[in-house]
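target.cif, holding mmCIF, C-alpha atoms:
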```cif
data_entry
#
loop_
_atom_site.label_atom_id
_atom_site.label_comp_id
_atom_site.auth_asym_id
_atom_site.auth_seq_id
_atom_site.Cartn_x
_atom_site.Cartn_y
_atom_site.Cartn_z
CA MET C 1 1.16 8.40 23.60
CA LEU C 2 -0.90 7.39 20.58
CA ASP C 3 -4.58 6.50 21.02
CA LEU C 4 -4.58 3.67 18.49
CA HIS C 5 -8.36 3.14 18.56
CA THR C 6 -9.10 6.79 17.76
CA SER C 7 -6.31 7.18 15.21
CA SER C 8 -7.31 4.02 13.36
CA GLY C 9 -10.91 5.19 13.25
CA GLU C 10 -9.83 8.52 11.81
CA PHE C 11 -7.71 6.72 9.21
CA ALA C 12 -10.74 4.62 8.22
CA GLN C 13 -12.82 7.78 7.79
CA GLU C 14 -10.15 9.32 5.55
CA LEU C 15 -9.99 6.16 3.43
CA GLN C 16 -13.78 6.11 3.20
CA SER C 17 -13.76 9.72 2.00
CA THR C 18 -11.11 9.02 -0.63
CA LEU C 19 -12.75 5.87 -1.99
CA ALA C 20 -16.21 7.46 -2.03
CA GLY C 21 -14.79 10.48 -3.82
CA VAL C 22 -13.50 8.24 -6.63
CA LEU C 23 -15.74 5.17 -6.86
CA PRO C 24 -19.53 5.03 -7.18
CA GLY C 25 -21.55 2.47 -5.25
CA GLU C 26 -22.37 1.63 -1.65
CA PHE C 27 -19.65 0.48 0.72
CA GLN C 28 -18.43 1.20 4.23
CA ILE C 29 -14.83 1.28 5.46
CA VAL C 30 -14.42 0.14 9.07
CA SER C 31 -11.65 -0.13 11.66
CA ILE C 32 -11.68 -3.41 13.59
CA ALA C 33 -9.47 -4.54 16.46
CA HIS C 34 -7.07 -7.27 15.36
CA HIS C 35 -4.86 -8.62 18.16
CA ASP C 36 -2.75 -5.63 19.29
CA ARG C 37 -3.50 -3.67 16.10
CA PHE C 38 -6.44 -2.52 14.00
CA VAL C 39 -7.33 -3.56 10.47
CA VAL C 40 -9.01 -1.03 8.20
CA ARG C 41 -11.07 -2.61 5.42
CA PRO C 42 -14.49 -2.67 3.74
CA ASP C 43 -17.24 -3.94 6.04
CA GLY C 44 -18.50 -7.48 5.49
CA LYS C 45 -18.73 -10.90 7.10
CA THR C 46 -16.83 -12.91 4.48
CA SER C 47 -13.67 -12.09 2.55
CA ALA C 48 -15.72 -11.88 -0.66
CA GLU C 49 -18.01 -9.29 0.97
CA GLN C 50 -15.06 -7.26 2.27
CA ARG C 51 -14.48 -5.63 -1.11
CA VAL C 52 -15.51 -2.50 -2.98
CA PRO C 53 -17.42 -3.15 -6.24
CA LEU C 54 -15.89 -1.82 -9.48
CA TYR C 55 -18.08 -0.98 -12.46
CA VAL C 56 -17.52 -0.23 -16.13
CA GLY C 57 -20.50 1.37 -17.84
CA GLY C 58 -22.61 0.38 -14.84
CA GLU C 59 -21.70 -3.31 -15.17
CA HIS C 60 -20.13 -4.94 -12.11
CA LEU C 61 -16.93 -6.45 -13.52
CA ALA C 62 -14.47 -6.54 -10.61
CA ASP C 63 -13.94 -5.87 -6.91
CA LEU C 64 -11.29 -3.97 -4.98
CA GLY C 65 -9.94 -5.54 -1.83
CA VAL C 66 -8.34 -3.24 0.76
CA GLN C 67 -6.74 -4.29 4.04
CA ILE C 68 -4.46 -2.02 6.05
CA TYR C 69 -3.12 -3.18 9.42
CA LEU C 70 -2.35 -0.27 11.73
CA GLY C 71 -0.38 -0.05 14.94
CA SER C 72 1.91 2.38 16.72
CA ASP C 73 5.47 2.91 15.58
CA SER C 74 8.50 2.05 17.71
CA SER C 75 8.22 5.35 19.62
CA GLY C 76 4.58 4.73 20.50
CA ARG C 77 3.71 8.24 19.30
CA PHE C 78 2.80 7.82 15.65
CA LEU C 79 0.41 5.66 13.64
CA LYS C 80 2.16 3.10 11.42
CA ALA C 81 0.90 0.83 8.67
CA TRP C 82 2.54 -2.52 9.38
CA GLN C 83 0.85 -4.34 6.52
CA SER C 84 -1.31 -3.41 3.57
CA ARG C 85 -2.94 -5.40 0.79
CA LEU C 86 -4.69 -4.01 -2.27
CA ALA C 87 -6.09 -6.46 -4.80
CA VAL C 88 -8.38 -6.44 -7.82
CA HIS C 89 -10.58 -9.50 -8.30
CA SER C 90 -12.59 -10.30 -11.42
CA VAL C 91 -16.21 -11.34 -10.83
CA LEU C 92 -15.49 -14.38 -13.05
CA ASP C 93 -13.24 -16.27 -10.64
CA ARG C 94 -11.76 -16.14 -7.14
CA THR C 95 -8.12 -15.62 -8.15
CA PRO C 96 -7.01 -11.96 -7.99
CA LEU C 97 -5.84 -10.25 -11.16
CA PHE C 98 -3.06 -8.36 -9.39
CA ARG C 99 -2.06 -7.42 -5.86
CA GLN C 100 -0.04 -4.67 -4.27
CA GLU C 101 1.28 -5.68 -0.85
CA PHE C 102 3.42 -4.25 1.93
CA ASP C 103 4.76 -5.98 5.02
CA ALA C 104 7.13 -4.13 7.36
CA ALA C 105 8.23 -7.47 8.82
CA MET C 106 8.97 -9.07 5.44
CA SER C 107 12.07 -11.27 5.43
CA LEU C 108 15.05 -10.19 3.37
CA SER C 109 14.17 -12.78 0.72
CA ALA C 110 11.44 -10.50 -0.67
CA PRO C 111 10.88 -6.72 -0.91
CA MET C 112 8.79 -5.06 1.81
CA ALA C 113 6.54 -3.43 -0.81
CA HIS C 114 5.77 -5.29 -4.03
CA TRP C 115 3.34 -6.16 -6.80
CA HIS C 116 2.03 -9.61 -7.66
CA VAL C 117 0.63 -10.04 -11.18
CA HIS C 118 -1.59 -13.06 -11.84
CA ALA C 119 -1.01 -13.56 -15.55
CA ASP C 120 0.98 -15.60 -18.01
CA ARG C 121 3.37 -14.95 -20.87
CA GLY C 122 5.27 -17.56 -22.80
CA ALA C 123 8.57 -15.69 -22.95
CA LEU C 124 8.55 -15.06 -19.19
CA SER C 125 7.66 -18.69 -18.48
CA HIS C 126 10.59 -19.75 -20.67
CA LEU C 127 12.98 -17.49 -18.73
CA LEU C 128 11.71 -18.72 -15.36
CA GLY C 129 11.74 -22.34 -16.50
CA ARG C 130 15.37 -22.19 -17.65
CA SER C 131 16.35 -20.31 -14.48
CA HIS C 132 14.58 -22.92 -12.35
CA ALA C 133 16.59 -25.66 -14.04
CA ILE C 134 19.83 -23.86 -13.12
CA ARG C 135 18.95 -22.18 -9.80
CA SER C 136 15.90 -23.90 -8.36
CA GLU C 137 16.60 -22.40 -4.92
CA ALA C 138 15.90 -18.92 -6.34
CA VAL C 139 13.16 -19.71 -8.86
CA LYS C 140 10.84 -22.05 -6.99
CA LYS C 141 7.65 -21.65 -9.09
CA PRO C 142 8.70 -21.22 -12.73
CA HIS C 143 5.15 -21.54 -14.07
CA ASP C 144 3.53 -19.08 -11.67
CA MET C 145 4.11 -15.43 -12.54
CA SER C 146 2.14 -14.35 -9.45
CA SER C 147 4.92 -15.78 -7.25
CA LEU C 148 7.20 -12.93 -8.34
CA HIS C 149 7.56 -10.02 -5.90
CA ILE C 150 8.00 -6.91 -8.08
CA PRO C 151 9.60 -4.21 -5.85
CA VAL C 152 8.03 -0.75 -5.71
CA GLY C 153 10.10 1.54 -3.52
CA GLY C 154 10.30 0.12 -0.03
CA GLU C 155 8.48 1.30 3.08
CA ARG C 156 8.71 5.06 2.57
CA PHE C 157 8.33 5.40 -1.20
CA ARG C 158 5.79 2.71 -2.07
CA PRO C 159 2.63 3.59 -4.02
CA CYS C 160 -0.37 4.75 -2.01
CA VAL C 161 -4.06 3.80 -2.30
CA GLU C 162 -4.64 6.91 -4.43
CA ASP C 163 -2.03 5.74 -6.97
CA PHE C 164 -3.83 2.41 -7.15
CA LEU C 165 -7.20 4.10 -7.67
CA GLU C 166 -5.90 6.37 -10.44
CA PHE C 167 -4.37 3.31 -12.10
CA LEU C 168 -7.81 1.66 -12.15
CA VAL C 169 -9.54 4.74 -13.53
CA ARG C 170 -7.01 5.61 -16.22
CA GLU C 171 -5.89 2.13 -17.30
CA PHE C 172 -9.06 0.06 -16.80
CA GLY C 173 -11.76 2.64 -17.42
CA ILE C 174 -13.45 1.98 -14.06
CA ASP C 175 -16.58 4.05 -13.43
CA HIS C 176 -15.76 7.02 -11.24
CA GLU C 177 -17.26 10.09 -9.63
CA GLU C 178 -17.16 13.32 -11.62
CA ASP C 179 -14.62 15.01 -9.34
CA TRP C 180 -12.54 11.88 -8.71
CA GLN C 181 -9.25 13.63 -9.37
CA SER C 182 -9.74 15.99 -6.44
CA ALA C 183 -10.17 13.06 -4.05
CA VAL C 184 -7.07 11.35 -5.46
CA LEU C 185 -4.90 14.47 -5.34
CA GLU C 186 -5.99 15.39 -1.81
CA GLY C 187 -5.38 11.88 -0.48
CA ARG C 188 -2.07 11.50 -2.28
CA GLU C 189 -0.79 14.82 -0.93
CA ARG C 190 -1.81 13.81 2.61
CA TRP C 191 -0.03 10.46 2.21
CA ARG C 192 3.18 11.96 0.83
CA ARG C 193 3.34 14.60 3.55
CA LEU C 194 3.04 11.88 6.20
CA GLN C 195 5.67 9.75 4.47
CA PHE C 196 7.97 12.75 4.18
CA ARG C 197 7.62 13.45 7.89
CA SER C 198 8.45 9.82 8.64
CA THR C 199 11.47 9.97 6.34
CA VAL C 200 12.73 13.12 8.08
CA ARG C 201 12.46 11.36 11.45
CA ASP C 202 14.46 8.47 9.98
CA LEU C 203 17.10 10.69 8.36
CA GLN C 204 17.38 13.77 10.59
CA ASN C 205 21.02 14.49 9.77
CA GLU C 206 20.32 14.55 6.03
CA ALA C 207 17.23 16.72 6.55
CA ALA C 208 19.22 19.15 8.70
CA GLU C 209 21.96 19.42 6.06
CA VAL C 210 19.42 20.31 3.35
CA LEU C 211 17.64 22.88 5.54
CA ALA C 212 20.91 24.47 6.62
CA ALA C 213 21.94 24.79 2.97
CA HIS C 214 18.73 26.77 2.40
CA GLY C 215 19.37 29.20 5.22
CA TRP C 216 17.64 27.54 8.16
CA GLU C 217 19.33 27.91 11.55
CA LEU C 218 19.19 24.59 13.38
CA VAL C 219 20.23 23.45 16.84
CA PRO C 220 20.94 19.71 17.07
CA PRO C 221 19.44 17.75 19.97
CA GLY C 222 21.55 16.70 22.93
CA THR C 223 21.37 13.09 21.83
CA PRO C 224 22.57 12.51 18.27
CA PRO C 225 19.75 11.23 16.05
CA THR C 226 20.03 7.75 14.61
CA THR C 227 18.99 6.56 11.18
CA GLY C 228 15.80 4.49 11.09
CA PRO C 229 16.64 0.78 10.76
CA GLY C 230 16.81 -0.34 7.15
CA VAL C 231 15.36 2.85 5.72
CA LEU C 232 18.26 3.27 3.29
CA SER C 233 19.07 -0.34 2.51
CA ARG C 234 15.92 -2.48 2.66
CA TRP C 235 14.32 -3.30 -0.67
#
```

Go ahead and render the structure in this file as structure tokens.
Amino acid sequence: MLDLHTSSGEFAQELQSTLAGVLPGEFQIVSIAHHDRFVVRPDGKTSAEQRVPLYVGGEHLADLGVQIYLGSDSSGRFLKAWQSRLAVHSVLDRTPLFRQEFDAAMSLSAPMAHWHVHADRGALSHLLGRSHAIRSEAVKKPHDMSSLHIPVGGERFRPCVEDFLEFLVREFGIDHEEDWQSAVLEGRERWRRLQFRSTVRDLQNEAAEVLAAHGWELVPPGTPPTTGPGVLSRW
């Protein structure tokens, strides 16, 4: 069975290595018991302190918030991220600029993995306002763009922390370490391999069909595998 304490600590060390390989500055990623799970995040007493500083030209302009809630999967053998929250906050105010969130227990009314963008645009407000007038049960906050849940691939194919970091470097010009790309590529490859393994466990019949078509000789288990719940249909 999974040793959740040890596995969560190892995950925190990997995240620390990735972030430190990309972002300059002093910060520490920790793993802290949270009910029956562990939360991996920057160390700090307050929510404002639990962030990684972001610099442009040495000037502290924003902060990166990271929270990943870890537990065991349904089999009790593998580490699973049940929730994750990535957010960029300007130093000018407390409201985040944008957030990327994942919640495995999300209700069907919203996608499990999604973006929130805290911004405004007249044309979008007009669309939401007119939609609210016609279907208020669907569009509840027509003047709040951040209330939209923008889907990004579900549980298995959602963006990883490394995608978020590269987005900050390439699109916002955030200060970075010289060899930042190596840290991003290494972390992204590790993430995608883990996600691929999870997907294969969810879709064993499909994986077996592909391998057999490429010459692998496979013996099915005595008990027919079942598809992971919602893996093909949940948004």

The residue from C:Met1, C:Leu165, C:Leu148, C:Ala133 with the smallest atom-to-atom distance to Leu86 of chain C, counting all atoms listed in the file, is C:Leu165

Between atom CA of Ser74 of chain C and atom CA of Asp36 of chain C, distance in Å (one decimal):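 Answer for the atom CA of Ser74 of chain C to atom CA of Asp36 of chain C separation: 13.7 Å.
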
Report as number ranges by chain the full result of the PyMOL selection byres ((chain C and resi 142) around 12) when it is applied to this structure. C: 120-141, 143-148

Take the PyMOL selection byres ((chain C and resi 72) around 9), apply it to the structure above, and return the hits as a PyMOL selection string. chain C and resi 2-4+37+70-71+73-82

Interatomic distance, atom CA of Thr18 of chain C to atom CA of Ala183 of chain C (Å, one decimal): 5.4 Å

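The residues returned by the PyMOL selection byres ((chain C and resi 25) around 12) for this structure are C:Leu19, C:Ala20, C:Gly21, C:Val22, C:Leu23, C:Pro24, C:Glu26, C:Phe27, C:Gln28, C:Arg51, C:Val52, C:Pro53, C:Leu54, C:Tyr55, C:Val56, C:Gly58, C:Glu59, C:His60, C:Asp63, C:Ile174, C:Asp175, C:His176, C:Glu177.
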
Closest to Arg190 of chain C among C:Leu97, C:Val152, C:Cys160, C:Leu232, using all atoms listed in the file?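 Among the listed residues, the smallest separation from Arg190 of chain C belongs to C:Cys160.
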
Could you jot down the atom CA of Ser198 of chain C to atom CA of Val184 of chain C separation for me, Å, one decimal place?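 Atom CA of Val184 of chain C lies at a distance of 21.0 Å from atom CA of Ser198 of chain C.
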
Padding of 8 Å on every side, edges along x, y and z, all listed atoms of segment 112-116 of chain C included: what centre and edge lengths in Å, to one decimal, does that box have, as AutoDock Vina command-line options?
```
--center_x 5.4 --center_y -6.5 --center_z -2.9 --size_x 22.8 --size_y 22.2 --size_z 25.5
```
